[in-house]
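A.B. asks: To be precise about what I am sending: the file is called upload_1.txt and holds compact mmCIF, C-alpha atoms.
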```
# COMPACT_ATOMS: atom_id res chain seq x y z
CA MET A 1 59.81 48.55 -67.51
CA PRO A 2 62.54 45.98 -66.76
CA PRO A 3 63.96 44.04 -69.68
CA SER A 4 62.70 40.51 -70.24
CA THR A 5 64.74 37.42 -69.49
CA SER A 6 65.41 36.96 -73.20
CA CYS A 7 66.83 40.44 -73.35
CA ASN A 8 68.99 39.68 -70.32
CA ARG A 9 70.39 36.72 -72.19
CA LEU A 10 71.13 38.75 -75.31
CA ILE A 11 72.85 41.64 -73.59
CA PRO A 12 76.02 39.72 -72.59
CA THR A 13 76.17 38.22 -76.09
CA ASP A 14 75.86 41.65 -77.67
CA ARG A 15 78.55 43.00 -75.37
CA MET A 16 80.88 40.13 -76.28
CA ALA A 17 80.25 40.67 -79.99
CA ARG A 18 80.80 44.40 -79.57
CA SER A 19 84.03 43.83 -77.63
CA LEU A 20 85.28 41.36 -80.25
CA TYR A 21 84.41 43.80 -83.02
CA GLU A 22 86.26 46.66 -81.31
CA TRP A 23 89.26 44.43 -80.60
CA LEU A 24 89.42 43.13 -84.17
CA TRP A 25 89.28 46.58 -85.76
CA GLN A 26 91.84 48.30 -83.56
CA HIS A 27 93.78 50.68 -85.73
CA GLU A 28 97.03 49.30 -84.29
CA PHE A 29 96.34 46.04 -86.16
CA TRP A 30 95.47 47.49 -89.53
CA LEU A 31 97.18 50.86 -89.82
CA PRO A 32 100.77 52.10 -89.39
CA PRO A 33 101.76 53.85 -86.17
CA GLY A 34 100.37 57.39 -85.95
CA ILE A 35 97.40 56.67 -88.22
CA THR A 36 93.88 56.06 -86.88
CA TRP A 37 90.51 55.31 -88.49
CA GLU A 38 89.62 58.99 -88.11
CA ASP A 39 92.36 59.75 -90.64
CA MET A 40 90.65 57.37 -93.11
CA GLN A 41 87.30 59.14 -93.18
CA GLU A 42 85.70 59.30 -96.62
CA SER A 43 84.38 62.34 -98.42
CA GLU A 44 82.35 62.89 -101.58
CA ASP A 45 85.44 62.80 -103.76
CA THR A 46 87.61 60.41 -101.72
CA HIS A 47 86.75 56.76 -101.12
CA TYR A 48 88.78 54.17 -99.23
CA PRO A 49 88.36 50.39 -99.18
CA GLN A 50 85.64 49.24 -96.79
CA PRO A 51 85.57 45.66 -95.39
CA ARG A 52 81.86 45.36 -96.16
CA ASP A 53 82.70 45.69 -99.87
CA LEU A 54 84.18 42.18 -99.76
CA LEU A 55 80.73 40.68 -99.21
CA LEU A 56 79.97 41.51 -102.85
CA SER A 57 82.47 38.86 -103.90
CA ILE A 58 80.17 36.04 -102.68
CA PRO A 59 77.24 36.72 -105.04
CA PHE A 60 79.73 37.55 -107.82
CA ALA A 61 81.39 34.17 -107.19
CA LEU A 62 78.04 32.41 -107.53
CA ILE A 63 77.44 34.28 -110.78
CA LEU A 64 80.84 33.06 -112.03
CA VAL A 65 79.86 29.47 -111.14
CA VAL A 66 76.69 29.83 -113.24
CA ILE A 67 78.66 31.40 -116.11
CA ARG A 68 81.20 28.58 -115.91
CA TYR A 69 78.46 25.94 -115.99
CA ALA A 70 76.92 27.54 -119.08
CA PHE A 71 80.32 28.04 -120.75
CA GLU A 72 81.45 24.45 -120.25
CA ARG A 73 78.25 23.02 -121.70
CA ALA A 74 77.57 25.52 -124.47
CA VAL A 75 81.14 26.17 -125.61
CA ALA A 76 83.77 23.83 -124.14
CA LEU A 77 82.00 20.47 -124.57
CA PRO A 78 81.01 21.04 -128.23
CA LEU A 79 84.53 22.34 -128.87
CA SER A 80 86.06 19.19 -127.37
CA THR A 81 83.99 17.06 -129.75
CA LYS A 82 85.04 19.09 -132.79
CA LEU A 83 88.70 18.92 -131.78
CA GLY A 84 88.58 15.15 -131.42
CA VAL A 85 88.76 14.82 -127.64
CA ARG A 86 87.39 11.37 -126.89
CA ASP A 87 86.47 9.97 -123.49
CA LYS A 88 88.03 6.64 -122.62
CA GLN A 89 85.54 3.81 -122.40
CA ARG A 90 85.98 2.26 -118.98
CA PRO A 91 84.51 -1.12 -118.03
CA LYS A 92 81.82 -0.76 -115.39
CA ALA A 93 81.84 -2.60 -112.10
CA GLN A 94 79.25 -5.36 -111.92
CA PRO A 95 76.43 -4.74 -109.39
CA ASN A 96 77.39 -6.16 -106.01
CA PRO A 97 75.45 -4.95 -102.95
CA VAL A 98 78.10 -6.07 -100.43
CA LEU A 99 80.99 -4.36 -102.19
CA GLU A 100 78.90 -1.29 -103.03
CA THR A 101 77.92 -0.85 -99.38
CA PHE A 102 81.55 -1.13 -98.27
CA TYR A 103 82.61 1.32 -101.01
CA SER A 104 79.95 3.90 -100.11
CA THR A 105 80.12 3.72 -96.33
CA ARG A 106 83.68 2.76 -95.44
CA ARG A 107 86.56 2.93 -97.90
CA LYS A 108 87.11 3.22 -101.61
CA ASN A 109 90.48 1.48 -101.47
CA PRO A 110 90.33 -1.43 -98.99
CA GLY A 111 93.42 -3.01 -97.44
CA GLU A 112 94.55 -6.61 -97.76
CA ARG A 113 92.62 -7.90 -94.75
CA GLU A 114 89.47 -6.13 -95.88
CA LEU A 115 89.84 -7.57 -99.38
CA LEU A 116 90.13 -11.10 -97.92
CA SER A 117 87.06 -10.57 -95.75
CA LEU A 118 85.03 -9.17 -98.65
CA ALA A 119 86.16 -12.00 -100.92
CA LYS A 120 84.86 -14.55 -98.40
CA GLN A 121 81.55 -12.70 -98.01
CA CYS A 122 81.01 -12.55 -101.76
CA ASP A 123 82.51 -15.96 -102.50
CA LEU A 124 84.83 -14.36 -105.05
CA PRO A 125 88.60 -14.51 -105.64
CA VAL A 126 90.52 -11.64 -104.10
CA ARG A 127 91.70 -10.64 -107.59
CA LYS A 128 88.13 -10.09 -108.74
CA VAL A 129 87.33 -8.03 -105.66
CA GLU A 130 90.39 -5.83 -106.37
CA LYS A 131 89.28 -5.45 -109.97
CA TRP A 132 85.75 -4.52 -108.85
CA PHE A 133 87.05 -1.72 -106.59
CA ARG A 134 89.38 -0.47 -109.30
CA ARG A 135 86.58 -0.31 -111.86
CA ARG A 136 84.28 1.31 -109.31
CA ARG A 137 86.85 4.02 -108.62
CA ASN A 138 87.33 4.51 -112.35
CA MET A 139 83.62 5.17 -112.74
CA GLU A 140 84.04 8.29 -110.56
CA ARG A 141 87.14 9.55 -112.27
CA PRO A 142 86.61 12.69 -114.37
CA SER A 143 86.36 12.13 -118.09
CA LEU A 144 88.75 13.68 -120.59
CA SER A 145 86.03 16.02 -121.83
CA LYS A 146 85.47 17.26 -118.26
CA LYS A 147 89.18 17.99 -117.87
CA PHE A 148 89.16 19.73 -121.25
CA SER A 149 86.13 21.85 -120.30
CA GLU A 150 87.67 22.86 -116.96
CA ALA A 151 90.94 23.85 -118.65
CA CYS A 152 89.04 25.89 -121.27
CA TRP A 153 87.15 27.80 -118.58
CA ARG A 154 90.27 28.60 -116.59
CA PHE A 155 92.18 29.59 -119.71
CA THR A 156 89.36 31.96 -120.70
CA PHE A 157 89.27 33.54 -117.24
CA TYR A 158 93.06 33.89 -116.89
CA ILE A 159 93.33 35.55 -120.29
CA ILE A 160 90.56 38.01 -119.40
CA SER A 161 91.97 38.61 -115.93
CA PHE A 162 95.56 39.08 -117.08
CA PHE A 163 94.73 41.60 -119.78
CA THR A 164 92.27 43.34 -117.46
CA GLY A 165 95.12 43.71 -114.96
CA LEU A 166 97.43 45.12 -117.61
CA ALA A 167 94.75 47.55 -118.79
CA VAL A 168 94.15 48.72 -115.22
CA LEU A 169 97.84 49.02 -114.27
CA TYR A 170 99.64 50.18 -117.40
CA ASP A 171 99.24 53.88 -116.50
CA LYS A 172 99.75 53.41 -112.76
CA PRO A 173 103.11 54.66 -111.42
CA TRP A 174 103.66 51.73 -109.02
CA LEU A 175 103.81 49.27 -111.92
CA TRP A 176 107.06 50.89 -113.03
CA ASP A 177 108.39 52.34 -109.77
CA HIS A 178 107.68 49.95 -106.91
CA ARG A 179 108.35 52.56 -104.23
CA GLU A 180 105.18 54.27 -105.43
CA CYS A 181 103.25 51.45 -103.74
CA TRP A 182 103.86 53.25 -100.44
CA THR A 183 103.57 56.91 -101.43
CA GLY A 184 100.89 58.40 -99.18
CA TYR A 185 100.08 55.04 -97.60
CA PRO A 186 97.58 54.27 -96.14
CA GLN A 187 95.67 57.33 -97.35
CA GLN A 188 95.50 56.11 -100.94
CA PRO A 189 92.02 56.63 -102.46
CA LEU A 190 90.35 53.60 -104.05
CA GLN A 191 89.88 53.97 -107.78
CA PRO A 192 86.85 52.26 -109.40
CA SER A 193 89.02 50.29 -111.83
CA LEU A 194 91.07 48.84 -108.95
CA PHE A 195 87.90 47.98 -107.03
CA TRP A 196 86.42 45.97 -109.91
CA TYR A 197 89.74 44.28 -110.64
CA TYR A 198 89.87 43.17 -107.00
CA MET A 199 86.27 41.94 -107.12
CA LEU A 200 86.98 39.97 -110.29
CA GLU A 201 89.96 38.16 -108.77
CA LEU A 202 88.44 37.57 -105.34
CA SER A 203 85.17 36.30 -106.81
CA PHE A 204 87.06 33.86 -109.04
CA TYR A 205 88.96 32.31 -106.14
CA TRP A 206 85.77 32.04 -104.11
CA SER A 207 84.17 30.27 -107.08
CA LEU A 208 87.10 27.82 -107.13
CA VAL A 209 86.48 27.08 -103.46
CA PHE A 210 82.77 26.49 -104.13
CA THR A 211 83.51 24.07 -106.99
CA LEU A 212 86.50 22.37 -105.35
CA PRO A 213 84.57 19.17 -104.50
CA PHE A 214 83.46 18.83 -108.14
CA ASP A 215 86.65 19.84 -109.94
CA VAL A 216 89.33 17.45 -111.18
CA LYS A 217 91.33 16.34 -108.14
CA ARG A 218 95.10 16.27 -108.46
CA LYS A 219 97.95 15.13 -106.26
CA ASP A 220 98.45 18.64 -104.93
CA PHE A 221 94.81 18.87 -103.79
CA LYS A 222 95.83 19.89 -100.25
CA GLU A 223 98.30 22.45 -101.59
CA GLN A 224 95.52 23.84 -103.79
CA ILE A 225 93.31 24.32 -100.73
CA VAL A 226 96.13 26.11 -98.92
CA HIS A 227 96.77 28.19 -102.03
CA HIS A 228 93.11 29.24 -102.39
CA ALA A 229 92.81 30.02 -98.67
CA ALA A 230 96.06 32.03 -98.63
CA THR A 231 95.02 33.88 -101.79
CA ILE A 232 91.56 34.78 -100.43
CA PHE A 233 93.02 35.87 -97.10
CA LEU A 234 95.73 37.85 -98.86
CA ILE A 235 93.32 39.61 -101.23
CA SER A 236 90.84 40.31 -98.41
CA PHE A 237 93.42 41.55 -95.93
CA SER A 238 95.24 43.67 -98.52
CA TYR A 239 91.90 45.25 -99.42
CA CYS A 240 90.93 46.00 -95.81
CA ALA A 241 94.39 47.36 -94.96
CA ASN A 242 94.51 49.28 -98.25
CA TYR A 243 97.43 47.28 -99.66
CA ILE A 244 95.66 47.67 -102.99
CA ARG A 245 98.72 48.61 -104.99
CA ILE A 246 100.86 45.69 -103.87
CA GLY A 247 97.85 43.39 -104.25
CA THR A 248 97.37 44.30 -107.91
CA LEU A 249 101.03 43.43 -108.60
CA VAL A 250 100.61 40.02 -106.95
CA MET A 251 97.53 39.21 -109.03
CA VAL A 252 98.93 40.22 -112.41
CA ILE A 253 102.17 38.30 -111.77
CA HIS A 254 100.22 35.12 -110.99
CA ASP A 255 97.95 35.39 -114.01
CA ALA A 256 100.92 35.69 -116.39
CA SER A 257 102.04 32.07 -116.09
CA ASP A 258 98.53 30.64 -115.69
CA CYS A 259 97.73 31.89 -119.19
CA PHE A 260 100.20 29.29 -120.54
CA LEU A 261 99.40 26.43 -118.17
CA GLU A 262 95.79 25.90 -119.22
CA PRO A 263 96.40 25.78 -123.02
CA THR A 264 99.18 23.28 -122.30
CA LYS A 265 96.58 21.03 -120.69
CA ILE A 266 94.14 21.62 -123.54
CA PHE A 267 96.62 20.49 -126.20
CA ASN A 268 97.61 17.57 -124.01
CA TYR A 269 94.00 16.37 -123.93
CA MET A 270 93.86 16.85 -127.72
CA LYS A 271 96.99 14.65 -128.11
CA TRP A 272 98.88 17.44 -129.89
CA LYS A 273 102.15 16.34 -128.35
CA LYS A 274 104.62 18.73 -129.98
CA THR A 275 102.42 21.78 -129.34
CA CYS A 276 101.85 20.63 -125.76
CA ASP A 277 105.60 20.17 -125.16
CA SER A 278 106.41 23.59 -126.63
CA LEU A 279 103.76 25.35 -124.56
CA PHE A 280 104.91 23.55 -121.43
CA MET A 281 108.47 24.77 -121.91
CA ILE A 282 107.17 28.32 -122.39
CA PHE A 283 104.97 27.97 -119.31
CA SER A 284 107.92 26.61 -117.29
CA ALA A 285 110.10 29.57 -118.24
CA VAL A 286 107.37 32.14 -117.49
CA PHE A 287 106.45 30.42 -114.19
CA LEU A 288 110.01 30.12 -112.89
CA ILE A 289 110.91 33.69 -113.86
CA SER A 290 107.67 35.28 -112.60
CA ARG A 291 107.37 33.27 -109.35
CA LEU A 292 111.03 32.84 -108.36
CA VAL A 293 112.52 36.10 -109.68
CA ILE A 294 109.92 38.81 -110.34
CA TYR A 295 107.63 37.97 -107.41
CA PRO A 296 110.38 37.96 -104.73
CA TYR A 297 111.80 41.27 -105.93
CA THR A 298 108.61 43.08 -106.95
CA VAL A 299 106.50 41.92 -104.01
CA LEU A 300 108.49 40.37 -101.14
CA TYR A 301 111.42 42.82 -101.22
CA ASN A 302 108.98 45.64 -101.84
CA THR A 303 106.77 44.91 -98.81
CA TYR A 304 109.63 43.95 -96.52
CA TYR A 305 112.09 46.77 -97.22
CA TYR A 306 110.57 49.61 -99.27
CA SER A 307 107.57 49.92 -96.94
CA MET A 308 109.95 50.56 -94.02
CA GLU A 309 110.98 53.80 -95.71
CA ILE A 310 107.47 55.11 -95.02
CA PHE A 311 106.36 53.60 -91.68
CA GLN A 312 107.48 51.45 -88.77
CA PRO A 313 106.49 47.75 -88.51
CA PHE A 314 103.02 46.92 -87.15
CA PHE A 315 100.75 43.87 -87.04
CA GLY A 316 99.42 44.32 -90.57
CA TYR A 317 102.98 44.56 -91.90
CA TYR A 318 103.97 41.22 -90.34
CA PHE A 319 100.71 39.52 -91.25
CA VAL A 320 100.76 40.43 -94.92
CA ASN A 321 104.41 39.37 -95.19
CA VAL A 322 103.60 35.99 -93.63
CA LEU A 323 100.84 35.44 -96.21
CA LEU A 324 103.16 36.45 -99.04
CA ILE A 325 105.87 34.07 -97.80
CA ILE A 326 103.36 31.19 -97.60
CA LEU A 327 102.50 31.94 -101.20
CA GLN A 328 106.19 31.88 -102.09
CA LEU A 329 106.68 28.50 -100.39
CA LEU A 330 103.92 27.13 -102.60
CA HIS A 331 105.72 28.64 -105.59
CA VAL A 332 108.86 26.74 -104.58
CA PHE A 333 106.88 23.49 -104.20
CA TRP A 334 105.37 23.77 -107.68
CA SER A 335 108.69 24.93 -109.14
CA CYS A 336 110.33 21.71 -107.94
CA LEU A 337 107.66 19.67 -109.75
CA ILE A 338 108.10 21.72 -112.91
CA ILE A 339 111.91 21.52 -112.85
CA HIS A 340 111.66 17.74 -112.40
CA MET A 341 109.37 17.48 -115.43
CA VAL A 342 111.65 19.69 -117.53
CA TYR A 343 114.65 17.57 -116.48
CA LYS A 344 112.82 14.41 -117.57
CA PHE A 345 111.90 16.09 -120.84
CA ILE A 346 115.52 17.02 -121.56
CA LEU A 347 116.74 13.47 -120.80
CA GLN A 348 113.95 11.52 -122.51
CA GLY A 349 112.91 13.98 -125.20
CA THR A 350 109.26 13.57 -124.24
CA MET A 351 107.00 15.10 -121.63
CA GLU A 352 105.84 12.78 -118.88
CA LYS A 353 102.30 12.87 -117.59
CA ASP A 354 101.18 15.67 -115.33
CA MET A 355 102.78 14.99 -111.94
CA ARG A 356 100.03 16.98 -110.27
CA SER A 357 97.79 14.09 -111.13
CA ASP A 358 96.10 13.61 -114.40
CA THR A 359 97.23 10.04 -113.67
CA GLU A 360 95.53 8.83 -110.54
CA GLU A 361 96.14 5.88 -108.23
CA SER A 362 93.54 3.74 -110.00
CA ASP A 363 95.43 4.20 -113.28
CA LYS A 364 98.61 2.96 -111.66
CA ASP A 365 96.79 -0.07 -110.29
CA GLU A 366 95.46 -0.86 -113.75
CA GLU A 367 98.88 -0.52 -115.32
CA ARG A 368 100.47 -2.57 -112.55
CA ASP A 369 97.99 -5.39 -113.10
CA LYS A 370 98.58 -5.28 -116.84
CA ILE A 371 102.32 -5.58 -116.26
CA ARG A 372 101.74 -8.51 -113.92
CA GLU A 373 99.50 -10.13 -116.53
CA LYS A 374 102.13 -9.68 -119.22
CA GLU A 375 104.86 -11.02 -116.96
CA LYS A 376 102.70 -14.00 -116.09
CA ASN A 377 101.95 -14.69 -119.75
CA GLY A 378 105.60 -14.24 -120.61
CA ILE A 379 106.69 -16.71 -117.96
CA THR A 380 104.06 -19.23 -119.13
CA TYR A 381 105.11 -18.82 -122.73
CA PHE A 382 108.79 -19.10 -121.82
CA SER A 383 108.19 -22.26 -119.79
CA ASN A 384 106.24 -23.81 -122.67
CA VAL A 385 108.96 -22.99 -125.14
CA THR A 386 111.74 -24.31 -122.92
CA SER A 387 109.84 -27.46 -122.06
CA ASN A 388 109.20 -28.15 -125.74
CA GLY A 389 112.86 -27.49 -126.50
CA TYR A 390 113.87 -29.88 -123.71
CA ILE A 391 111.65 -32.64 -125.15
CA GLN A 392 113.05 -32.11 -128.62
CA ARG A 393 116.61 -32.24 -127.37
CA ASN A 394 115.83 -35.57 -125.72
CA GLY A 395 114.72 -37.14 -129.01
CA SER A 396 110.99 -36.72 -128.72
CA GLU A 397 108.52 -34.11 -129.94
CA PRO A 398 105.25 -32.62 -128.80
CA LEU A 399 102.26 -34.68 -129.76
CA ASN A 400 100.73 -31.86 -131.78
CA ASN A 401 103.71 -31.95 -134.17
CA ARG A 402 103.06 -35.59 -135.14
CA ALA A 403 100.35 -37.22 -137.24
CA HIS A 404 99.57 -40.89 -136.65
CA LEU A 405 98.97 -43.03 -139.74
CA ALA A 406 96.73 -46.09 -139.92
CA ASN A 407 99.71 -48.44 -140.24
CA GLY A 408 101.09 -47.27 -136.92
CA HIS A 409 103.85 -45.08 -138.35
CA THR A 410 104.12 -41.41 -137.75
CA LYS A 411 104.37 -38.61 -140.26
CA GLU A 412 105.99 -35.27 -139.67
CA ARG A 413 103.72 -32.31 -140.20
```
Give the structure from this file in structure tokens form.

C.D. replies:
Amino acid sequence: MPPSTSCNRLIPTDRMARSLYEWLWQHEFWLPPGITWEDMQESEDTHYPQPRDLLLSIPFALILVVIRYAFERAVALPLSTKLGVRDKQRPKAQPNPVLETFYSTRRKNPGERELLSLAKQCDLPVRKVEKWFRRRRNMERPSLSKKFSEACWRFTFYIISFFTGLAVLYDKPWLWDHRECWTGYPQQPLQPSLFWYYMLELSFYWSLVFTLPFDVKRKDFKEQIVHHAATIFLISFSYCANYIRIGTLVMVIHDASDCFLEPTKIFNYMKWKKTCDSLFMIFSAVFLISRLVIYPYTVLYNTYYYSMEIFQPFFGYYFVNVLLIILQLLHVFWSCLIIHMVYKFILQGTMEKDMRSDTEESDKDEERDKIREKEKNGITYFSNVTSNGYIQRNGSEPLNNRAHLANGHTKER
């Protein structure tokens, strides 16, 4: 019986999918020269990483999102109240359908021409329209308790992840001798502890991607997206290509400094300035040493040079090195921000606000307007004082300094 027309339509699609699948999983892409997928066959006692295992990270990530939601509301929020973290009371924008429609459908920060047009439509001064947009943006800014809760969750995870990594790796030879990362590669059996450590890390970064639209947005928002994408690609590719050993080193190195970053934020939100400054200096030292010294030697030098002692370059070798270098460029970017903050701290003796953006554009607008208001008041006061002084120097006085008597004479007050 001849196939139906629907089947005829599906056959070319199936062939294309099959061809793409075979092209994508060519052993030349994923394995060193001389090794094929037949050499990676599993047995009852030997298990290798399988790409399908990575699908487990998606439901695990959703579970982490649920756990985070429960943790922030049951633990972090009550803790913020007990520790005296108070949300700033922000004035609300007055209801205005015209401005609200523009804010929702077009832009949250209109330009000068748009402000003039909106001011005419609403019959309001431009200054009031600017203030309305500023207050409306402030209404969407995350509260201090939200920032505190997010930092508590990340601190809890990084502590668990870091010590889990140490527990998994402390008896592994490649933690102490980096050449062991390539002994027997790629025929390195997957141990259960390494599998679950990988799932923990990959699920966490997927959960960060899922919650990215709802998390506190900072100035390096785009860099964070690149970082999460590079990390997920790096973890996934290293798992599929059995770069498990080098991948575990990357993850434990990253978690080391993150364990100090989040408590620094927590104490900053609590207004414990000295503790915050001390922790930030510790974090800066750990970050710069781990990301600019340990990471290049332990990971970059290891994958670029030591691996060549075992096999010749292939696609997977170049691809994983590109991902690792992208990660290092991000390390350099954040290191520049940290060094700048440390430099300011040494000069001024106090830590400036988080350059990654706890202070947002709307804050700057508010502060700029306050400065303008003070300058305006100062100029008015100065002009009043000088004008009064001028009158006094010319033999007369302000009227409010004189009292008129019934006989027509004046009396000094």

A.B. asks: Which residues, protein or nucleic acid, reach to within 12 Å of (96.0, 27.6, -100.6) in the file's coordinates when using all atoms listed in the file, and can you give that as a VMD selection string?

C.D. replies: chain A and resid 205 to 206 208 to 209 212 220 to 234 323 to 324 326 to 331

A.B. asks: In the coordinates of the file, take the point (98.1, 46.8, -115.3) and a cut-off of 10 Å; then, counting only C-alpha atoms, name each qualifying protein, DNA or RNA residue as number ranges by chain.

C.D. replies: A: 162-172, 174-175, 194, 197, 248-249, 251-252

A.B. asks: With only C-alpha atoms as the counted atoms, please give the residues lying no more than 7 Å from Ala61 (chain A), apart from itself and same-chain residues fewer than 2 positions off, as a ChimeraX atom specification.

C.D. replies: /A:57-59,63-65,203-204,206-207

A.B. asks: Hey, can you check how far CA of Gly247 (chain A) sits from CA of Ile235 (chain A)?

C.D. replies: 6.6 Å

A.B. asks: When you count all atoms listed in the file, which of these residues is closest to Tyr301 (chain A): A:Ile266, A:Ile282, A:Ile246, A:Ile339?

C.D. replies: A:Ile246

A.B. asks: Quick one: residues within 10 Å of Pro263 (chain A), all atoms listed in the file counted, chain neighbours fewer than 5 positions away excluded, as a PDB file with C-alpha atoms, keeping the file's coordinate frame?

C.D. replies:
```
ATOM      1  CA  PHE A 148      89.160  19.730-121.250  1.00  0.00           C
ATOM      2  CA  ALA A 151      90.940  23.850-118.650  1.00  0.00           C
ATOM      3  CA  CYS A 152      89.040  25.890-121.270  1.00  0.00           C
ATOM      4  CA  ARG A 154      90.270  28.600-116.590  1.00  0.00           C
ATOM      5  CA  PHE A 155      92.180  29.590-119.710  1.00  0.00           C
ATOM      6  CA  THR A 156      89.360  31.960-120.700  1.00  0.00           C
ATOM      7  CA  ASP A 258      98.530  30.640-115.690  1.00  0.00           C
ATOM      8  CA  ASN A 268      97.610  17.570-124.010  1.00  0.00           C
ATOM      9  CA  TYR A 269      94.000  16.370-123.930  1.00  0.00           C
ATOM     10  CA  THR A 275     102.420  21.780-129.340  1.00  0.00           C
ATOM     11  CA  CYS A 276     101.850  20.630-125.760  1.00  0.00           C
ATOM     12  CA  LEU A 279     103.760  25.350-124.560  1.00  0.00           C
ATOM     13  CA  PHE A 280     104.910  23.550-121.430  1.00  0.00           C
ATOM     14  CA  PHE A 283     104.970  27.970-119.310  1.00  0.00           C
TER      15      PHE A 283
END
```

A.B. asks: Determine, counting only C-alpha atoms, which protein, DNA and RNA residues have an atom within 10 Å of an atom of region 90-102 of chain A; residues of the same chain fewer than 2 positions away are not included. Present the result as a PDB file with C-alpha atoms, in the coordinates of the input.

C.D. replies:
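Generated output (selection_17.pdb):
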```pdb
ATOM      1  CA  ASP A  87      86.470   9.970-123.490  1.00  0.00           C
ATOM      2  CA  LYS A  88      88.030   6.640-122.620  1.00  0.00           C
ATOM      3  CA  SER A 104      79.950   3.900-100.110  1.00  0.00           C
ATOM      4  CA  THR A 105      80.120   3.720 -96.330  1.00  0.00           C
ATOM      5  CA  ARG A 106      83.680   2.760 -95.440  1.00  0.00           C
ATOM      6  CA  ARG A 107      86.560   2.930 -97.900  1.00  0.00           C
ATOM      7  CA  LYS A 108      87.110   3.220-101.610  1.00  0.00           C
ATOM      8  CA  ASN A 109      90.480   1.480-101.470  1.00  0.00           C
ATOM      9  CA  PRO A 110      90.330  -1.430 -98.990  1.00  0.00           C
ATOM     10  CA  GLU A 114      89.470  -6.130 -95.880  1.00  0.00           C
ATOM     11  CA  LEU A 115      89.840  -7.570 -99.380  1.00  0.00           C
ATOM     12  CA  LEU A 118      85.030  -9.170 -98.650  1.00  0.00           C
ATOM     13  CA  ALA A 119      86.160 -12.000-100.920  1.00  0.00           C
ATOM     14  CA  GLN A 121      81.550 -12.700 -98.010  1.00  0.00           C
ATOM     15  CA  CYS A 122      81.010 -12.550-101.760  1.00  0.00           C
ATOM     16  CA  VAL A 129      87.330  -8.030-105.660  1.00  0.00           C
ATOM     17  CA  LYS A 131      89.280  -5.450-109.970  1.00  0.00           C
ATOM     18  CA  TRP A 132      85.750  -4.520-108.850  1.00  0.00           C
ATOM     19  CA  PHE A 133      87.050  -1.720-106.590  1.00  0.00           C
ATOM     20  CA  ARG A 134      89.380  -0.470-109.300  1.00  0.00           C
ATOM     21  CA  ARG A 135      86.580  -0.310-111.860  1.00  0.00           C
ATOM     22  CA  ARG A 136      84.280   1.310-109.310  1.00  0.00           C
ATOM     23  CA  ARG A 137      86.850   4.020-108.620  1.00  0.00           C
ATOM     24  CA  ASN A 138      87.330   4.510-112.350  1.00  0.00           C
ATOM     25  CA  MET A 139      83.620   5.170-112.740  1.00  0.00           C
ATOM     26  CA  ARG A 141      87.140   9.550-112.270  1.00  0.00           C
ATOM     27  CA  SER A 143      86.360  12.130-118.090  1.00  0.00           C
TER      28      SER A 143
END
```

A.B. asks: With distances taken over all atoms listed in the file, which residue among A:Ala70, A:Val85, A:Met281, A:Ile294 lies nearest His178 (chain A)?

C.D. replies: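 Distance minimum relative to His178 (chain A) lands on A:Ile294.
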
A.B. asks: With all atoms listed in the file as the counted atoms, please give the residues lying no more than 12 Å from region 304-306 of chain A, apart from itself and same-chain residues fewer than 3 positions off, as a PyMOL selection string.

C.D. replies: chain A and resi 177-183+185+246+296-301+309-314+316-322+324-325

A.B. asks: Kindly give the distance, in Å, that separates CA of Gln348 (chain A) and CA of Asp277 (chain A), rounded to a single decimal.

C.D. replies: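 Separation between CA of Gln348 (chain A) and CA of Asp277 (chain A): 12.3 Å.
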